[in-house]
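Enquirer: Contents are mmCIF, C-alpha atoms; file name structure_16.cif:
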```
data_work
loop_
_atom_site.label_atom_id
_atom_site.label_comp_id
_atom_site.auth_asym_id
_atom_site.auth_seq_id
_atom_site.Cartn_x
_atom_site.Cartn_y
_atom_site.Cartn_z
CA MET A 210 -120.26 121.92 -75.38
CA THR A 211 -119.79 124.41 -78.23
CA ARG A 212 -118.74 128.02 -77.58
CA PHE A 213 -118.57 131.06 -79.83
CA ALA A 214 -118.12 134.81 -79.44
CA LEU A 215 -120.86 137.20 -80.51
CA THR A 216 -119.91 140.86 -80.97
CA VAL A 217 -122.89 143.16 -81.60
CA VAL A 218 -122.36 146.75 -82.76
CA ARG A 219 -124.92 149.49 -83.29
CA HIS A 220 -124.61 151.42 -86.56
CA GLY A 221 -122.88 154.81 -86.68
CA GLU A 222 -124.65 158.13 -86.34
CA THR A 223 -126.88 159.51 -89.10
CA ARG A 224 -128.13 163.05 -89.51
CA LEU A 225 -131.56 161.96 -88.28
CA ASN A 226 -130.06 160.30 -85.18
CA LYS A 227 -128.59 163.67 -84.24
CA GLU A 228 -131.90 165.41 -84.93
CA LYS A 229 -133.76 162.76 -82.89
CA VAL A 230 -135.95 161.72 -85.82
CA LEU A 231 -137.22 158.11 -85.99
CA GLN A 232 -135.85 156.15 -88.94
CA GLY A 233 -137.11 152.63 -88.26
CA GLN A 234 -137.15 150.62 -91.47
CA GLY A 235 -138.81 153.09 -93.84
CA ILE A 236 -136.25 155.91 -93.69
CA ASP A 237 -133.00 154.52 -95.09
CA GLU A 238 -130.64 157.33 -94.11
CA PRO A 239 -126.86 156.99 -94.74
CA LEU A 240 -124.22 157.70 -92.12
CA SER A 241 -123.24 161.28 -91.38
CA GLU A 242 -119.61 162.40 -91.41
CA THR A 243 -119.53 161.68 -87.68
CA GLY A 244 -121.05 158.25 -88.31
CA PHE A 245 -118.30 157.30 -90.75
CA LYS A 246 -115.68 158.41 -88.20
CA GLN A 247 -117.37 156.33 -85.50
CA ALA A 248 -117.39 153.23 -87.74
CA ALA A 249 -113.70 153.72 -88.55
CA ALA A 250 -112.89 154.16 -84.83
CA ALA A 251 -114.76 150.94 -84.00
CA GLY A 252 -112.83 149.20 -86.78
CA ARG A 253 -109.50 150.39 -85.45
CA PHE A 254 -110.46 149.34 -81.92
CA MET A 255 -111.30 145.81 -83.14
CA SER A 256 -108.59 145.65 -85.82
CA LYS A 257 -106.93 142.57 -84.30
CA VAL A 258 -110.11 140.58 -83.63
CA ARG A 259 -110.30 137.50 -85.85
CA PHE A 260 -113.94 137.36 -86.93
CA THR A 261 -115.14 134.23 -88.71
CA HIS A 262 -118.61 135.47 -89.70
CA ALA A 263 -120.13 138.91 -90.41
CA PHE A 264 -123.87 139.65 -90.41
CA SER A 265 -125.49 143.03 -90.91
CA SER A 266 -128.91 144.57 -91.18
CA ASP A 267 -129.64 145.33 -94.82
CA LEU A 268 -130.35 149.01 -94.11
CA THR A 269 -127.78 151.50 -95.44
CA ARG A 270 -126.57 152.86 -92.09
CA ALA A 271 -125.75 149.34 -90.89
CA LYS A 272 -124.11 148.29 -94.17
CA GLN A 273 -121.86 151.36 -94.16
CA THR A 274 -120.89 150.74 -90.54
CA MET A 275 -119.98 147.12 -91.24
CA HIS A 276 -117.84 148.22 -94.20
CA GLY A 277 -116.09 150.82 -92.02
CA ILE A 278 -115.29 148.23 -89.36
CA LEU A 279 -114.00 145.51 -91.67
CA LYS A 280 -111.91 147.97 -93.71
CA HIS A 281 -109.67 148.48 -90.68
CA ASN A 282 -109.47 144.82 -89.64
CA LEU A 283 -106.09 143.13 -90.12
CA PHE A 284 -107.62 139.72 -90.87
CA CYS A 285 -111.13 140.29 -92.27
CA LYS A 286 -110.95 143.06 -94.88
CA ASP A 287 -112.23 140.79 -97.64
CA MET A 288 -114.75 138.88 -95.54
CA THR A 289 -118.15 138.27 -97.14
CA VAL A 290 -120.94 140.01 -95.23
CA GLN A 291 -124.35 138.38 -95.01
CA TYR A 292 -127.14 140.96 -94.99
CA ASP A 293 -130.19 139.84 -93.06
CA SER A 294 -133.54 141.65 -92.81
CA ARG A 295 -134.10 140.02 -89.40
CA LEU A 296 -131.47 142.43 -88.06
CA ARG A 297 -133.39 145.55 -89.11
CA GLU A 298 -134.48 148.22 -86.68
CA ARG A 299 -137.94 148.10 -85.13
CA LYS A 300 -140.58 149.24 -87.60
CA TYR A 301 -142.26 152.41 -86.32
CA GLY A 302 -144.92 152.70 -89.03
CA ALA A 303 -146.71 156.08 -89.00
CA ALA A 304 -144.04 157.54 -86.68
CA GLU A 305 -141.13 157.00 -89.09
CA GLY A 306 -139.63 160.23 -90.36
CA LYS A 307 -141.09 162.12 -87.41
CA PRO A 308 -139.39 163.47 -84.26
CA LEU A 309 -139.12 161.14 -81.27
CA SER A 310 -141.21 163.69 -79.36
CA ASP A 311 -144.12 162.97 -81.74
CA LEU A 312 -143.98 159.27 -80.86
CA ARG A 313 -144.06 160.14 -77.16
CA ASN A 314 -147.09 162.38 -77.74
CA MET A 315 -148.83 159.62 -79.70
CA ALA A 316 -148.17 157.20 -76.85
CA LYS A 317 -149.46 159.69 -74.27
CA GLU A 318 -152.66 160.24 -76.23
CA ALA A 319 -153.15 156.46 -76.31
CA GLY A 320 -152.60 156.25 -72.54
CA GLU A 321 -149.36 154.30 -73.00
CA GLU A 322 -145.64 154.85 -72.60
CA CYS A 323 -142.66 154.43 -74.90
CA PRO A 324 -141.27 151.97 -75.85
CA PHE A 325 -144.36 149.81 -75.15
CA PHE A 326 -146.59 151.88 -77.42
CA THR A 327 -146.95 150.58 -80.99
CA PRO A 328 -147.74 153.30 -83.57
CA PRO A 329 -150.09 152.44 -86.47
CA GLY A 330 -148.29 150.17 -88.90
CA GLY A 331 -145.45 149.57 -86.46
CA GLU A 332 -144.05 146.43 -84.86
CA THR A 333 -144.88 145.41 -81.31
CA LEU A 334 -142.02 144.71 -78.91
CA ASP A 335 -142.96 141.02 -79.04
CA GLN A 336 -142.61 141.00 -82.82
CA VAL A 337 -139.17 142.63 -82.62
CA GLU A 338 -138.06 140.12 -79.99
CA MET A 339 -139.30 137.25 -82.15
CA ARG A 340 -137.15 138.46 -85.04
CA GLY A 341 -134.15 138.59 -82.73
CA LYS A 342 -134.88 135.15 -81.35
CA GLN A 343 -135.24 133.68 -84.86
CA PHE A 344 -131.93 135.17 -85.97
CA PHE A 345 -130.12 133.97 -82.83
CA GLU A 346 -131.50 130.43 -83.17
CA PHE A 347 -130.46 130.39 -86.84
CA LEU A 348 -126.97 131.56 -85.82
CA CYS A 349 -126.58 128.87 -83.15
CA GLN A 350 -127.69 126.17 -85.60
CA LEU A 351 -125.23 127.45 -88.21
CA ILE A 352 -122.31 127.49 -85.77
CA MET A 353 -123.19 124.03 -84.45
CA LYS A 354 -123.40 122.59 -87.98
CA GLU A 355 -120.09 124.12 -89.03
CA ALA A 356 -118.38 122.98 -85.79
CA ASP A 357 -119.59 119.41 -86.39
CA GLN A 358 -118.27 119.48 -89.95
CA LYS A 359 -114.87 120.79 -88.84
CA GLN A 360 -114.67 118.17 -86.12
CA GLN A 361 -115.28 115.39 -88.65
CA LEU A 362 -112.63 116.74 -91.04
CA SER A 363 -110.09 117.66 -88.37
CA PRO A 364 -110.71 116.04 -84.97
CA GLY A 365 -109.33 117.81 -81.91
CA ALA A 366 -109.78 121.00 -79.93
CA PRO A 367 -110.10 124.35 -81.76
CA SER A 368 -107.01 126.61 -81.74
CA ASN A 369 -106.96 129.53 -79.32
CA ASN A 370 -106.46 132.23 -81.99
CA LEU A 371 -110.02 133.53 -81.58
CA GLU A 372 -109.76 133.74 -77.78
CA THR A 373 -106.40 135.47 -77.90
CA SER A 374 -107.55 138.18 -80.31
CA LEU A 375 -110.58 138.97 -78.13
CA ALA A 376 -108.61 138.99 -74.88
CA GLU A 377 -106.11 141.44 -76.38
CA THR A 378 -108.86 143.82 -77.46
CA PHE A 379 -111.59 143.90 -74.82
CA PRO A 380 -111.23 145.16 -71.22
CA LEU A 381 -111.97 141.93 -69.39
CA GLU A 382 -112.62 141.69 -65.68
CA THR A 383 -110.55 139.10 -63.85
CA ASN A 384 -113.45 136.70 -63.37
CA TYR A 385 -114.52 137.09 -67.01
CA SER A 386 -111.14 136.73 -68.66
CA SER A 387 -111.59 132.97 -68.42
CA GLU A 388 -114.62 133.24 -70.70
CA VAL A 389 -112.36 133.96 -73.66
CA ASN A 390 -109.32 132.09 -72.40
CA SER A 391 -108.88 128.51 -73.55
CA ASP A 392 -106.60 127.86 -70.55
CA SER A 393 -109.65 127.95 -68.28
CA GLY A 394 -110.53 124.34 -69.10
CA ALA A 395 -113.57 125.33 -71.16
CA PRO A 396 -113.58 124.24 -74.82
CA GLY A 397 -112.06 126.75 -77.24
CA LEU A 398 -114.19 129.12 -79.29
CA VAL A 399 -115.25 127.64 -82.62
CA ALA A 400 -116.34 130.97 -84.13
CA SER A 401 -116.26 134.73 -83.61
CA VAL A 402 -119.31 136.44 -85.08
CA LEU A 403 -119.66 140.17 -85.83
CA VAL A 404 -123.18 141.61 -86.08
CA VAL A 405 -124.13 145.21 -86.94
CA SER A 406 -127.69 146.21 -86.12
CA HIS A 407 -129.81 148.95 -84.53
CA GLY A 408 -130.56 150.46 -81.12
CA ALA A 409 -134.11 149.33 -80.35
CA TYR A 410 -133.49 145.92 -81.93
CA MET A 411 -130.35 145.38 -79.85
CA ARG A 412 -132.12 146.38 -76.64
CA SER A 413 -134.80 143.80 -77.44
CA LEU A 414 -132.24 141.08 -78.28
CA PHE A 415 -130.27 141.74 -75.09
CA GLY A 416 -133.53 141.66 -73.12
CA TYR A 417 -134.18 138.19 -74.54
CA PHE A 418 -130.69 137.09 -73.48
CA LEU A 419 -131.20 138.42 -69.95
CA THR A 420 -134.80 137.37 -69.31
CA ASP A 421 -135.27 134.16 -71.29
CA LEU A 422 -131.72 132.79 -71.47
CA LYS A 423 -130.59 134.05 -68.02
CA CYS A 424 -127.50 135.76 -69.40
CA SER A 425 -124.85 136.39 -66.73
CA LEU A 426 -123.34 139.86 -66.45
CA PRO A 427 -120.03 141.42 -65.41
CA ALA A 428 -120.09 142.95 -61.93
CA SER A 429 -119.24 146.42 -63.25
CA LEU A 430 -122.40 146.64 -65.36
CA ARG A 431 -124.90 149.07 -63.85
CA LYS A 432 -128.63 148.35 -63.91
CA PHE A 433 -129.61 151.33 -66.04
CA GLU A 434 -127.26 150.10 -68.79
CA LEU A 435 -129.37 146.97 -69.22
CA SER A 436 -132.38 148.91 -70.47
CA SER A 437 -130.63 151.82 -72.19
CA VAL A 438 -130.17 152.08 -75.95
CA SER A 439 -126.61 151.57 -77.14
CA PRO A 440 -124.75 154.69 -78.32
CA ASN A 441 -123.91 154.78 -82.02
CA THR A 442 -121.22 152.11 -82.65
CA GLY A 443 -121.53 150.92 -79.04
CA ILE A 444 -119.98 147.43 -78.83
CA SER A 445 -121.32 144.48 -76.83
CA LEU A 446 -119.55 141.13 -76.51
CA PHE A 447 -121.12 137.84 -75.44
CA ILE A 448 -119.70 134.32 -75.13
CA ILE A 449 -122.38 131.82 -76.15
CA SER A 450 -122.21 128.23 -74.86
CA PHE A 451 -124.64 125.58 -76.06
CA GLU A 452 -125.22 121.87 -76.41
CA LYS A 453 -127.63 119.95 -78.60
CA GLY A 454 -131.08 119.77 -77.05
CA LYS A 455 -130.39 122.54 -74.52
CA GLU A 456 -130.98 126.30 -74.39
CA PRO A 457 -127.91 128.41 -75.26
CA THR A 458 -126.21 130.12 -72.31
CA PRO A 459 -124.92 133.65 -73.02
CA LYS A 460 -122.36 135.40 -70.82
CA CYS A 461 -121.94 139.14 -71.27
CA VAL A 462 -118.32 140.29 -71.31
CA CYS A 463 -119.16 143.95 -71.95
CA MET A 464 -122.24 145.92 -73.02
CA ASN A 465 -122.44 149.13 -75.06
CA LEU A 466 -118.68 149.72 -74.84
CA GLN A 467 -117.77 153.13 -76.26
CA ASP A 468 -114.09 153.65 -75.40
CA HIS A 469 -113.24 153.95 -79.09
CA LEU A 470 -115.47 157.01 -79.42
CA ASN A 471 -113.05 159.13 -77.37
CA GLU A 472 -110.89 159.68 -80.46
CA VAL A 473 -113.95 160.75 -82.48
CA THR A 474 -114.94 163.25 -79.80
CA LYS A 475 -111.41 164.70 -79.74
CA THR A 476 -111.38 165.01 -83.54
CA LEU A 477 -114.75 166.79 -83.60
CA SER A 478 -113.74 169.21 -80.85
CA VAL A 479 -110.55 170.34 -82.62
#
```
Do you think you could lay out the structure here as structure tokens?

Expert:
Amino acid sequence: MTRFALTVVRHGETRLNKEKVLQGQGIDEPLSETGFKQAAAAGRFMSKVRFTHAFSSDLTRAKQTMHGILKHNLFCKDMTVQYDSRLRERKYGAAEGKPLSDLRNMAKEAGEECPFFTPPGGETLDQVEMRGKQFFEFLCQLIMKEADQKQQLSPGAPSNNLETSLAETFPLETNYSSEVNSDSGAPGLVASVLVVSHGAYMRSLFGYFLTDLKCSLPASLRKFELSSVSPNTGISLFIISFEKGKEPTPKCVCMNLQDHLNEVTKTLSV
């Protein structure tokens, strides 16, 4: 069995996020001042996590968030980021650049509801999920290949540095602490992957984990959180276990964590 950690972060706030205007893929808005502060806060929160890989959407708001996170990391400041268009936000076509209320009105006129409604020129939910599935399968294949290569060059169990850095950072429940603890008898983590993406895309990816891959959840997670969009720079952590010829098995350690945003809120209220 091969195991790796997957940390998924939504990009920081943009001006259009605050104004509730759809950006999708066509409106490439940079982070606002608040967004930069959120990215820095997320970076400080995860400053001791030893990431081995970094992937980001190639849209500006995601790139800037990734830079803000890595800049504050003690181990990964100079890490090469791989920008991947499969991590982009859902394409909203004719609704991009317009208020979210316009999309809801368009859906109502079509006799449908958000988010199931697809505006002209936009992506269907199935198409977004397929992008997420393709990226995740690519990631699993990459980690498996690299783990095999390392095993051939240096036989033996992976060190527990990756587990330790995660366990020191994330608020783990008792029954989930073993997921990132090599003392549990499970094989050590071979990689720790950081991904920065977008709200609707992440909701679709997590839905794939839950529905298709039967992802297990911490007891404290409430049902409404499963279908809600992550807050800006919300952090979700999964431990992925997989074997050749079998479906990957994700376990959610936390979803849409936003503890780090408390310092941003305090700063803005001063």

Enquirer: If the PyMOL selection byres ((chain A and resi 299) around 8) is run on the structure shown, which residues does it catch, given as a CSV table (one decimal) with C-alpha atoms, in the coordinates of the input?

Expert:
```csv
chain,number,residue,atom,x,y,z
A,233,GLY,CA,-137.1,152.6,-88.3
A,234,GLN,CA,-137.2,150.6,-91.5
A,297,ARG,CA,-133.4,145.6,-89.1
A,298,GLU,CA,-134.5,148.2,-86.7
A,300,LYS,CA,-140.6,149.2,-87.6
A,301,TYR,CA,-142.3,152.4,-86.3
A,331,GLY,CA,-145.4,149.6,-86.5
A,332,GLU,CA,-144.0,146.4,-84.9
A,337,VAL,CA,-139.2,142.6,-82.6
A,409,ALA,CA,-134.1,149.3,-80.4
A,410,TYR,CA,-133.5,145.9,-81.9
```

Enquirer: Any chance you could resolve the PyMOL selection byres ((chain A and resi 348) around 12) against this file and give the residues as a PyMOL selection string?

Expert: chain A and resi 213-215+262-264+291+293+295-296+341-347+349-355+400-404+449+451+457

Enquirer: To one decimal place, how far is atom CA of Lys455 of chain A from atom CA of Gln361 of chain A in Å?

Expert: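 Atom-to-atom, atom CA of Lys455 of chain A and atom CA of Gln361 of chain A are spaced 21.9 Å apart.
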
Enquirer: List the spatial neighbours of Ala250 of chain A as a short mmCIF file (atom, residue, chain, number, x, y, z; two decimals) with C-alpha atoms, in the frame of the given file - criterion: any atom at most 8 Å away, only C-alpha atoms, same-chain residues fewer than 6 positions off excluded.

Expert:
```
data_model
loop_
_atom_site.label_atom_id
_atom_site.label_comp_id
_atom_site.auth_asym_id
_atom_site.auth_seq_id
_atom_site.Cartn_x
_atom_site.Cartn_y
_atom_site.Cartn_z
CA ILE A 278 -115.29 148.23 -89.36
CA HIS A 469 -113.24 153.95 -79.09
CA LEU A 470 -115.47 157.01 -79.42
CA GLU A 472 -110.89 159.68 -80.46
CA VAL A 473 -113.95 160.75 -82.48
#
```

Enquirer: Using only C-alpha atoms, which residues sit within 12 Å of Lys229 of chain A once same-chain residues fewer than 3 positions away are excluded, as a count of residues only?

Expert: 15
